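Trainee: Below is the file work.txt, which contains compact mmCIF, C-alpha atoms and all ligand atoms.
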# COMPACT_ATOMS: atom_id res chain seq x y z
CA MET A 1 -10.00 1.20 -23.73
CA ILE A 2 -6.97 -0.14 -21.87
CA TYR A 3 -3.64 1.23 -23.15
CA THR A 4 -0.38 -0.40 -22.06
CA VAL A 5 2.87 1.54 -22.42
CA THR A 6 6.20 -0.30 -22.53
CA LEU A 7 9.01 2.22 -22.86
CA ASN A 8 11.59 -0.57 -22.78
CA PRO A 9 10.25 -3.75 -24.41
CA ALA A 10 12.44 -6.83 -24.79
CA LEU A 11 12.78 -10.07 -26.61
CA ASP A 12 12.93 -12.43 -23.64
CA TYR A 13 15.31 -15.32 -24.32
CA PHE A 14 14.75 -18.20 -21.89
CA VAL A 15 17.57 -20.72 -21.43
CA GLU A 16 17.44 -23.81 -19.26
CA VAL A 17 20.83 -25.06 -18.08
CA GLU A 18 21.37 -27.78 -15.49
CA ARG A 19 24.21 -25.91 -13.82
CA VAL A 20 25.84 -22.63 -14.90
CA ASN A 21 29.64 -22.58 -14.71
CA PHE A 22 31.51 -19.37 -15.41
CA GLY A 23 34.65 -19.44 -17.56
CA VAL A 24 33.60 -22.50 -19.61
CA VAL A 25 31.11 -23.32 -22.40
CA ASN A 26 27.64 -24.06 -21.01
CA ARG A 27 25.04 -25.84 -23.17
CA SER A 28 21.34 -25.47 -22.64
CA ASN A 29 18.83 -28.36 -22.55
CA TYR A 30 15.98 -26.22 -23.74
CA ASP A 31 15.47 -22.65 -24.88
CA TYR A 32 12.73 -20.47 -26.31
CA LYS A 33 11.95 -16.83 -26.88
CA ALA A 34 8.94 -14.64 -26.25
CA PRO A 35 7.97 -10.98 -26.52
CA GLY A 36 8.63 -9.28 -23.21
CA GLY A 37 8.51 -6.05 -21.30
CA LYS A 38 6.03 -5.38 -18.57
CA GLY A 39 3.31 -3.49 -20.48
CA ILE A 40 3.43 -5.96 -23.37
CA ASN A 41 3.05 -8.85 -20.92
CA VAL A 42 0.07 -7.09 -19.34
CA SER A 43 -1.56 -6.80 -22.80
CA ARG A 44 -0.90 -10.48 -23.55
CA VAL A 45 -2.29 -11.70 -20.22
CA LEU A 46 -5.32 -9.39 -20.50
CA LYS A 47 -6.06 -10.98 -23.88
CA ARG A 48 -5.88 -14.46 -22.37
CA LEU A 49 -8.33 -13.30 -19.69
CA GLY A 50 -10.73 -12.02 -22.36
CA HIS A 51 -9.86 -8.30 -22.44
CA GLN A 52 -8.63 -6.24 -25.37
CA SER A 53 -6.00 -3.54 -24.97
CA GLU A 54 -3.75 -1.48 -27.20
CA ALA A 55 0.00 -1.93 -26.76
CA LEU A 56 2.08 1.26 -27.08
CA GLY A 57 5.76 2.01 -26.55
CA PHE A 58 9.03 2.00 -28.46
CA ILE A 59 10.30 -0.84 -30.64
CA GLY A 60 13.04 -1.12 -33.24
CA GLY A 61 15.07 -3.48 -35.40
CA PHE A 62 14.60 -7.23 -35.92
CA THR A 63 13.78 -7.79 -32.25
CA GLY A 64 11.11 -5.11 -32.43
CA ASP A 65 9.63 -6.67 -35.59
CA TYR A 66 9.48 -10.03 -33.81
CA ILE A 67 7.59 -8.55 -30.85
CA LYS A 68 5.09 -6.72 -33.08
CA THR A 69 4.45 -9.83 -35.19
CA VAL A 70 3.83 -12.15 -32.24
CA VAL A 71 1.68 -9.66 -30.35
CA GLU A 72 -0.46 -8.86 -33.41
CA LYS A 73 -0.87 -12.58 -34.16
CA GLU A 74 -2.53 -12.80 -30.76
CA ASP A 75 -5.06 -10.23 -31.97
CA ILE A 76 -3.77 -7.48 -29.75
CA LYS A 77 -3.89 -4.01 -31.23
CA THR A 78 -0.48 -2.27 -31.34
CA ASN A 79 0.61 1.27 -32.08
CA PHE A 80 4.34 1.22 -31.36
CA VAL A 81 6.64 4.13 -32.14
CA GLN A 82 9.52 2.84 -34.32
CA VAL A 83 13.02 3.77 -33.12
CA ALA A 84 16.34 3.40 -34.95
CA GLY A 85 18.15 0.86 -32.74
CA ASP A 86 17.29 -2.76 -31.93
CA THR A 87 14.92 -3.52 -29.07
CA ARG A 88 16.98 -5.19 -26.31
CA ILE A 89 17.28 -8.90 -25.59
CA ASN A 90 16.73 -9.99 -21.96
CA ILE A 91 18.24 -13.30 -20.91
CA LYS A 92 16.30 -15.45 -18.44
CA ILE A 93 18.37 -18.36 -17.12
CA LYS A 94 16.60 -21.23 -15.40
CA SER A 95 19.08 -23.41 -13.58
CA GLU A 96 19.24 -24.39 -9.89
CA SER A 97 17.64 -20.98 -9.39
CA GLU A 98 16.31 -18.29 -11.77
CA SER A 99 18.64 -15.46 -12.91
CA GLU A 100 18.04 -12.63 -15.35
CA ILE A 101 20.25 -10.33 -17.41
CA ASN A 102 18.18 -7.46 -18.79
CA GLY A 103 19.69 -5.59 -21.76
CA VAL A 104 20.02 -1.91 -22.59
CA SER A 105 17.36 0.09 -24.45
CA PRO A 106 18.07 1.65 -27.85
CA ASP A 107 18.19 5.46 -27.82
CA ILE A 108 14.81 7.17 -27.58
CA THR A 109 14.71 10.75 -28.88
CA ASP A 110 12.51 13.72 -27.88
CA GLU A 111 10.58 13.23 -31.16
CA HIS A 112 9.79 9.61 -30.24
CA LEU A 113 8.57 10.72 -26.84
CA GLU A 114 6.39 13.45 -28.37
CA GLN A 115 4.84 10.87 -30.69
CA LEU A 116 3.89 8.72 -27.70
CA GLN A 117 2.48 11.71 -25.84
CA LYS A 118 0.33 12.58 -28.87
CA GLN A 119 -1.03 9.03 -28.92
CA LEU A 120 -1.96 9.35 -25.25
CA ALA A 121 -3.91 12.56 -25.86
CA VAL A 122 -6.94 10.35 -26.67
CA LEU A 123 -7.26 9.21 -23.04
CA ASN A 124 -10.60 9.85 -21.47
CA GLU A 125 -12.74 9.00 -18.45
CA GLY A 126 -13.26 5.21 -18.34
CA ASP A 127 -9.91 4.47 -20.01
CA ALA A 128 -7.04 2.73 -18.23
CA LEU A 129 -3.38 3.48 -18.81
CA VAL A 130 -0.72 0.96 -17.76
CA LEU A 131 2.82 2.34 -17.34
CA ALA A 132 5.07 -0.61 -16.71
CA GLY A 133 8.73 -1.54 -16.67
CA SER A 134 12.02 0.28 -16.65
CA VAL A 135 12.64 3.68 -18.23
CA PRO A 136 15.35 3.79 -20.95
CA ALA A 137 18.41 5.80 -19.94
CA THR A 138 17.80 8.36 -22.71
CA ILE A 139 14.41 9.33 -21.21
CA PRO A 140 14.15 11.44 -18.03
CA SER A 141 13.11 9.34 -15.03
CA GLU A 142 10.20 11.80 -14.42
CA ILE A 143 8.45 10.43 -17.53
CA TYR A 144 5.93 8.28 -15.64
CA GLU A 145 5.07 11.25 -13.44
CA VAL A 146 4.45 13.40 -16.55
CA LEU A 147 2.35 10.75 -18.32
CA CYS A 148 0.44 9.88 -15.15
CA LYS A 149 -0.44 13.51 -14.35
CA SER A 150 -1.66 14.08 -17.88
CA ALA A 151 -3.79 10.90 -17.86
CA ARG A 152 -5.26 11.71 -14.43
CA THR A 153 -6.19 15.21 -15.67
CA ARG A 154 -8.09 13.44 -18.44
CA LYS A 155 -9.79 11.32 -15.72
CA ALA A 156 -8.27 8.03 -16.90
CA ASP A 157 -7.16 5.39 -14.37
CA VAL A 158 -3.41 4.80 -14.20
CA PHE A 159 -1.78 1.49 -13.22
CA ILE A 160 1.96 1.52 -12.47
CA ASP A 161 4.47 -1.30 -12.15
CA SER A 162 8.04 -0.05 -12.11
CA SER A 163 11.00 0.31 -9.81
CA GLY A 164 13.82 2.66 -8.80
CA GLU A 165 13.73 6.40 -9.50
CA ALA A 166 10.87 6.22 -12.03
CA MET A 167 8.64 4.55 -9.44
CA LYS A 168 9.70 6.95 -6.67
CA LYS A 169 8.89 9.98 -8.82
CA VAL A 170 5.43 8.83 -9.93
CA LEU A 171 4.12 8.38 -6.38
CA GLU A 172 3.15 12.04 -5.93
CA SER A 173 1.04 12.14 -9.10
CA GLN A 174 -1.81 10.05 -7.64
CA PRO A 175 -1.79 6.92 -9.82
CA THR A 176 -4.84 4.71 -9.31
CA PHE A 177 -2.86 1.54 -8.61
CA ILE A 178 0.74 0.51 -7.98
CA LYS A 179 2.20 -2.98 -7.63
CA PRO A 180 5.62 -3.09 -6.07
CA ASN A 181 6.96 -6.46 -4.93
CA HIS A 182 8.21 -6.42 -1.34
CA HIS A 183 11.82 -5.68 -2.38
CA GLU A 184 10.67 -2.73 -4.51
CA LEU A 185 8.50 -1.41 -1.64
CA GLY A 186 11.54 -1.62 0.65
CA GLU A 187 13.65 0.19 -1.96
CA LEU A 188 11.12 3.06 -2.06
CA PHE A 189 11.58 3.67 1.68
CA SER A 190 15.22 2.48 2.04
CA VAL A 191 14.21 -0.33 4.41
CA GLU A 192 14.14 -4.11 4.22
CA ILE A 193 10.68 -5.67 4.17
CA ASN A 194 10.52 -9.42 4.60
CA GLU A 195 6.97 -10.15 5.66
CA PRO A 196 3.53 -8.72 5.00
CA LYS A 197 3.07 -7.16 8.49
CA GLU A 198 6.22 -5.10 8.03
CA ALA A 199 4.78 -3.51 4.87
CA ILE A 200 1.68 -2.05 6.58
CA PRO A 201 3.02 1.41 7.61
CA TYR A 202 4.54 1.95 4.15
CA VAL A 203 1.36 0.90 2.37
CA GLN A 204 -0.57 3.34 4.57
CA GLU A 205 1.89 6.12 3.71
CA LEU A 206 1.39 5.46 -0.01
CA ILE A 207 -2.38 5.42 0.38
CA GLY A 208 -2.04 8.75 2.21
CA LYS A 209 -0.55 10.22 -0.99
CA GLY A 210 -3.88 9.60 -2.75
CA ILE A 211 -3.05 6.27 -4.44
CA GLN A 212 -6.29 4.26 -4.49
CA TYR A 213 -4.86 0.71 -4.49
CA VAL A 214 -1.41 -0.45 -3.34
CA LEU A 215 -0.83 -4.12 -4.04
CA VAL A 216 2.42 -5.55 -2.63
CA SER A 217 3.38 -9.04 -3.77
CA PHE A 218 5.56 -11.37 -1.70
CA ALA A 219 6.14 -14.07 -4.40
CA GLY A 220 4.87 -17.36 -2.86
CA ASP A 221 4.31 -15.83 0.59
CA GLY A 222 1.07 -13.97 -0.14
CA ALA A 223 0.21 -10.41 -1.06
CA ILE A 224 -1.36 -7.39 0.56
CA LEU A 225 -3.78 -4.88 -0.88
CA GLY A 226 -4.21 -1.51 0.78
CA THR A 227 -7.00 1.00 0.17
CA LYS A 228 -8.01 4.03 2.25
CA ASP A 229 -10.45 1.84 4.19
CA GLN A 230 -8.62 -1.43 4.76
CA ILE A 231 -5.54 -3.59 4.35
CA LEU A 232 -6.21 -7.11 3.06
CA PHE A 233 -3.95 -10.15 2.99
CA ALA A 234 -4.23 -12.98 0.45
CA ASN A 235 -2.33 -16.26 0.65
CA THR A 236 -0.82 -17.59 -2.60
CA PRO A 237 -1.88 -20.99 -3.91
CA LYS A 238 0.62 -23.84 -3.66
CA GLY A 239 2.12 -25.37 -6.80
CA GLU A 240 5.28 -26.04 -8.75
CA VAL A 241 6.86 -22.83 -10.03
CA LYS A 242 7.81 -23.38 -13.67
CA ASN A 243 8.61 -19.80 -14.61
CA SER A 244 8.17 -16.68 -12.54
CA VAL A 245 8.96 -14.24 -15.40
CA GLY A 246 5.79 -12.28 -16.08
CA ALA A 247 4.10 -13.35 -12.83
CA GLY A 248 4.13 -9.78 -11.49
CA ASP A 249 2.77 -8.46 -14.80
CA SER A 250 0.05 -11.09 -14.56
CA VAL A 251 -1.01 -9.76 -11.15
CA VAL A 252 -1.44 -6.31 -12.72
CA ALA A 253 -3.39 -7.75 -15.68
CA GLY A 254 -5.59 -9.79 -13.33
CA PHE A 255 -6.44 -6.76 -11.21
CA ILE A 256 -7.29 -4.64 -14.27
CA ALA A 257 -9.42 -7.42 -15.80
CA ALA A 258 -11.36 -7.86 -12.54
CA ASN A 259 -11.78 -4.10 -12.27
CA GLN A 260 -13.28 -3.98 -15.77
CA GLU A 261 -15.63 -6.79 -14.78
CA LYS A 262 -16.73 -4.75 -11.73
CA VAL A 263 -16.35 -7.58 -9.21
CA SER A 264 -15.94 -6.87 -5.47
CA LEU A 265 -12.57 -5.65 -4.16
CA GLU A 266 -11.92 -9.00 -2.46
CA ASP A 267 -12.62 -10.95 -5.64
CA ALA A 268 -10.47 -8.57 -7.70
CA PHE A 269 -7.61 -9.15 -5.27
CA LYS A 270 -8.11 -12.93 -5.41
CA PHE A 271 -8.28 -12.85 -9.20
CA ALA A 272 -5.05 -10.81 -9.40
CA VAL A 273 -3.07 -13.14 -7.12
CA ALA A 274 -4.50 -16.23 -8.84
CA THR A 275 -3.42 -14.81 -12.23
CA GLY A 276 0.12 -14.25 -10.92
CA SER A 277 0.31 -17.80 -9.53
CA ALA A 278 -1.23 -19.33 -12.67
CA THR A 279 1.60 -17.75 -14.68
CA ALA A 280 4.23 -18.85 -12.15
CA PHE A 281 2.89 -22.42 -12.45
CA SER A 282 3.04 -22.37 -16.30
CA LYS A 283 5.81 -22.27 -18.89
CA GLY A 284 4.01 -19.39 -20.59
CA PHE A 285 1.21 -17.25 -19.16
CA ALA A 286 -1.92 -17.91 -17.12
CA ASP A 287 -5.15 -18.95 -18.78
CA ARG A 288 -8.57 -18.07 -17.45
CA ASP A 289 -9.68 -21.59 -16.43
CA GLN A 290 -6.52 -22.08 -14.42
CA VAL A 291 -7.00 -18.68 -12.75
CA GLU A 292 -10.58 -19.45 -11.78
CA SER A 293 -9.57 -22.79 -10.35
CA LEU A 294 -6.68 -21.31 -8.29
CA MET A 295 -9.00 -18.63 -6.89
CA LYS A 296 -10.65 -21.35 -4.81
CA GLU A 297 -7.38 -21.82 -2.90
CA ILE A 298 -7.09 -18.16 -1.92
CA ASN A 299 -8.52 -16.73 1.29
CA ILE A 300 -8.62 -13.06 2.09
CA ARG A 301 -8.38 -11.63 5.61
CA GLU A 302 -8.16 -8.12 6.92
CA LEU A 303 -4.93 -7.01 8.62
CA GLU A 304 -4.87 -4.52 11.47
CA ARG A 305 -3.70 -1.08 10.45
CA ASP A 306 -1.08 0.96 12.32
CA GLU A 307 -2.42 3.92 14.32
N1 LIG B 1 6.29 -19.53 -5.36
C1 LIG B 1 5.12 -19.03 -5.79
N2 LIG B 1 3.96 -19.67 -5.54
C2 LIG B 1 2.78 -19.16 -5.92
N3 LIG B 1 2.65 -18.00 -6.59
C3 LIG B 1 3.77 -17.30 -6.86
C4 LIG B 1 5.07 -17.77 -6.50
N4 LIG B 1 5.99 -16.85 -6.92
C5 LIG B 1 5.30 -15.87 -7.53
N5 LIG B 1 3.96 -16.13 -7.51
C6 LIG B 1 2.88 -15.31 -8.06
O1 LIG B 1 3.45 -14.21 -8.76
C7 LIG B 1 3.07 -12.96 -8.15
C8 LIG B 1 4.18 -11.94 -8.31
O2 LIG B 1 5.37 -12.45 -7.73
P1 LIG B 1 6.50 -11.51 -7.11
O3 LIG B 1 7.78 -12.26 -7.18
O4 LIG B 1 6.08 -11.04 -5.77
O5 LIG B 1 6.48 -10.22 -8.06
P2 LIG B 1 7.38 -9.78 -9.32
O6 LIG B 1 7.22 -10.88 -10.34
O7 LIG B 1 6.78 -8.49 -9.74
O8 LIG B 1 8.79 -9.66 -8.80
C9 LIG B 1 2.69 -13.33 -6.72
O9 LIG B 1 1.80 -12.39 -6.15
C10 LIG B 1 2.04 -14.70 -6.95
O10 LIG B 1 0.72 -14.53 -7.42
O1 LIG B 2 11.79 -3.21 -17.80
P1 LIG B 2 12.50 -4.14 -16.85
O2 LIG B 2 12.38 -3.71 -15.42
O3 LIG B 2 13.93 -4.37 -17.28
O4 LIG B 2 11.75 -5.52 -16.90
C1 LIG B 2 11.60 -6.21 -18.10
C2 LIG B 2 11.38 -7.66 -17.87
O5 LIG B 2 10.27 -7.82 -17.04
C3 LIG B 2 9.33 -8.74 -17.59
O6 LIG B 2 8.29 -7.94 -18.14
C4 LIG B 2 8.83 -9.68 -16.55
O7 LIG B 2 8.37 -8.93 -15.42
P2 LIG B 2 7.83 -9.63 -14.07
O8 LIG B 2 8.56 -10.93 -13.92
O9 LIG B 2 8.12 -8.63 -13.00
O10 LIG B 2 6.37 -9.83 -14.27
C5 LIG B 2 10.07 -9.45 -18.71
O11 LIG B 2 9.24 -9.84 -19.75
C6 LIG B 2 11.09 -8.42 -19.14
O12 LIG B 2 12.24 -9.04 -19.64
Any chance you could give the structure as structure tokens?
Ligand SMILES: Nc1ncnc2c1ncn2[C@@H]1O[C@H](COP(=O)(O)OP(=O)(O)O)[C@@H](O)[C@H]1O
Ligand SMILES: O=P(O)(O)OC[C@H]1O[C@](O)(COP(=O)(O)O)[C@@H](O)[C@@H]1O

Mentor:
Amino acid sequence: MIYTVTLNPALDYFVEVERVNFGVVNRSNYDYKAPGGKGINVSRVLKRLGHQSEALGFIGGFTGDYIKTVVEKEDIKTNFVQVAGDTRINIKIKSESESEINGVSPDITDEHLEQLQKQLAVLNEGDALVLAGSVPATIPSEIYEVLCKSARTRKADVFIDSSGEAMKKVLESQPTFIKPNHHELGELFSVEINEPKEAIPYVQELIGKGIQYVLVSFAGDGAILGTKDQILFANTPKGEVKNSVGAGDSVVAGFIAANQEKVSLEDAFKFAVATGSATAFSKGFADRDQVESLMKEINIRELERDE
């Protein structure tokens, strides 16, 4: 089974505004809402690609009820721990460019955390655990490290997509897969990374820590995938970006789906990038036909490693 954990889910509120002006009333042309949070998005994209998962994490209040209802309507199994406060609302503004204001998590107590850890005690060989998104301020930033170590001891695969301290701390616990974007990779090493070649030494360092797959996305400028044997580069397909929220989560979902389908590493990489682009080119999320069609536009080549 695939389990996704979203410690900090969100109701994503998308607003389209021609131009945002501060200090005055702005009116939107179009708005909509959707369940959000990285693990939840991974579950939703997996479903669209034909894979079932169970969505775990913390939800509360009317926003939490909304997320649970929508996700369950999509036939995704959920087992959320209920917390007292309201799940946050994240604002996604599409104007001349895209901007985001992500809200604050409700308080999560030690009891809530214990409940989640009990749920994860079922993990076994062949299972996949996805730990994705930010860590609420009331939870120690070592949490991903703790959950990852425990899952790896149980021989489950662990897929991580996070940033900041939580991401830094999980690197030593040998997750199976991580997906930083190039800014997040730079943040991990306190450097600026602008193009794929510049990422190579850092990807190699992460692989050296025992991480099996390091996938670094560069938005529309391609992606690289490092393993202990090789570093691959994939171009991204060309198209009109309609919404890049959830594109990174879609890359993670695409890679997991391909992994479950036991395709070659190159095809898994292509499938992951195509899933990210298919979401970026849609108002909502990727669908499988679109992903398969975009795969034809992606070529993989090997990059030279640093000595
Ligand atoms: N302009 C674009 N053109 C094509 N694909 C894109 C574009 N922007 C994002 N994507 C897709 O979304 C993926 C993730 O984007 P990126 O911005 O690197 O990560 P994140 O969403 O995690 O910040 C990319 O690997 C690619 O598949
Ligand atoms: O937990 P964080 O880092 O605040 O991120 C949450 C946000 O990320 C998203 O999961 C989208 O992530 P990506 O655009 O990176 O795929 C939104 O649905 C959500 O609002």

Trainee: Would you write out, as JSON lines, a table of all residues in stretch 237-288 of chain A that have an atom no more than 12 Å from an atom of stretch 98-118 of chain A, listing for each the closest atom pair and the distance in Å to one decimal, considering all atoms listed in the file and ordering rows by chain and rising residue number?

Mentor:
{"residue": "A:Val241", "atom": "CA", "partner": "A:Glu98", "partner_atom": "CA", "distance": 10.6}
{"residue": "A:Lys242", "atom": "CA", "partner": "A:Glu98", "partner_atom": "CA", "distance": 10.1}
{"residue": "A:Asn243", "atom": "CA", "partner": "A:Glu98", "partner_atom": "CA", "distance": 8.3}
{"residue": "A:Ser244", "atom": "CA", "partner": "A:Glu98", "partner_atom": "CA", "distance": 8.3}
{"residue": "A:Val245", "atom": "CA", "partner": "A:Glu98", "partner_atom": "CA", "distance": 9.1}

Trainee: Quick one: residues within 9 Å of stretch 176-186 of chain A, all atoms listed in the file counted, chain neighbours fewer than 2 positions away excluded, as a PyMOL selection string?

Mentor: chain A and resi 152+156-164+167+171+174+188-196+199+202-203+210-219+223+248+251-252

Trainee: Could you list, as a list in words, every residue within 12 Å of A:Arg88, counting only C-alpha atoms and ignoring same-chain residues fewer than 6 positions away?

Mentor: Leu7, Asn8, Pro9, Ala10, Leu11, Asp12, Tyr13, Pro35, Gly36, Gly37, Phe58, Ile59, Gly60, Gly61, Phe62, Thr63, Gly64, Asp65, Tyr66, Ile67, Ile101, Asn102, Gly103, Val104, Ser105, Pro106, Asp107 and Pro136 of chain A

Trainee: Fewer than 4 positions away in the same chain doesn't count, so skip those; otherwise give me all residues within 7 Å of stretch 265-273 of chain A, counting only C-alpha atoms, as an MDAnalysis selection string.

Mentor: chainID A and resid 236 251:252 254:255 258:259 277 291 295 298 300

Trainee: Between A:Leu46, A:Ile40, A:Ala280, A:Leu294, which has the minimum distance to ligand LIG 1 (chain B) (counting all atoms listed in the file)?

Mentor: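 The closest residue to ligand LIG 1 (chain B) is A:Ala280.
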
Trainee: Counting only C-alpha atoms, which of A:Lys47, A:Lys169, A:Lys92, A:Arg19 gets nearest to A:Ile256?

Mentor: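 For A:Ile256, the nearest of the candidates is A:Lys47.
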
Trainee: Neighbouring residues of A:Pro201 were defined as those with any atom within 10 Å, considering only C-alpha atoms; residues of the same chain fewer than 5 positions away were excluded. Please report them as a list in words.

Mentor: Leu206, Ile207, Arg305, Asp306 and Glu307 of chain A

Trainee: Could you write out that same residue set with C-alpha atoms as a PDB file, keeping the file's coordinate frame?

Mentor:
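Here's the written file again_6.pdb:
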ATOM      1  CA  LEU A 206       1.390   5.460  -0.010  1.00  0.00           C
ATOM      2  CA  ILE A 207      -2.380   5.420   0.380  1.00  0.00           C
ATOM      3  CA  ARG A 305      -3.700  -1.080  10.450  1.00  0.00           C
ATOM      4  CA  ASP A 306      -1.080   0.960  12.320  1.00  0.00           C
ATOM      5  CA  GLU A 307      -2.420   3.920  14.320  1.00  0.00           C
TER       6      GLU A 307
END

Trainee: Given the choices A:Val122, A:Val5, A:Ala84, A:Ala34, which gets closest to A:Gly284 if the distance is worked out from only C-alpha atoms?

Mentor: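 Comparing A:Val122, A:Val5, A:Ala84, A:Ala34 against A:Gly284, the winner is A:Ala34.
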
Trainee: Using all atoms listed in the file for the distances, tell me which of A:Lys38, A:Lys283, A:Lys33, A:Lys155 is nearest to ligand LIG 1 (chain B).

Mentor: A:Lys38

Trainee: Grab the atom CA of A:Asp221 to atom CA of A:Lys238 distance for me, in Å with one decimal place.

Mentor: 9.8 Å

Trainee: Could you write out as JSON the box around stretch 72-90 of chain A (axis-aligned, all atoms listed in the file, 8 Å on each side), with centre and edge lengths in Å to one decimal?

Mentor:
{"center_x": 6.5, "center_y": -4.3, "center_z": -28.5, "size_x": 39.2, "size_y": 32.9, "size_z": 29.0}

Trainee: Within 10 Å of A:Ser150, counting all atoms listed in the file, which residues qualify if same-chain residues fewer than 2 places away don't, as a list of chain:residue names?

Mentor: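 Residues meeting the cut-off are A:Gln117, A:Leu120, A:Ala121, A:Leu123, A:Tyr144, A:Glu145, A:Val146, A:Leu147, A:Cys148, A:Arg152, A:Thr153, A:Arg154, A:Lys155, A:Ala156, A:Ser173.
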
Trainee: How far is it from atom CA of A:Thr227 to atom C2 of ligand LIG 2 (chain B), in Å with one decimal?

Mentor: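 Answer for the atom CA of A:Thr227 to atom C2 of ligand LIG 2 (chain B) separation: 27.2 Å.
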
Trainee: For each of A:Lys77, A:Glu205, A:Ser282, A:Glu142, take the minimum atom-to-atom distance to ligand LIG 1 (chain B), counting only C-alpha atoms and all ligand atoms, then give the residue where this is smallest.

Mentor: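 Among A:Lys77, A:Glu205, A:Ser282, A:Glu142, it is A:Ser282 that comes nearest to ligand LIG 1 (chain B).
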
Trainee: Restricting the calculation to only C-alpha atoms and all ligand atoms, which member of A:Ala274, A:Ala257, A:Val170, A:Val42 is positioned closest to ligand LIG 2 (chain B)?

Mentor: A:Val42

Trainee: Rounded to one decimal place, report the atom CA of A:Arg288-atom C5 of ligand LIG 1 (chain B) distance in Å.

Mentor: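 Between atom CA of A:Arg288 and atom C5 of ligand LIG 1 (chain B) the gap is 17.2 Å.
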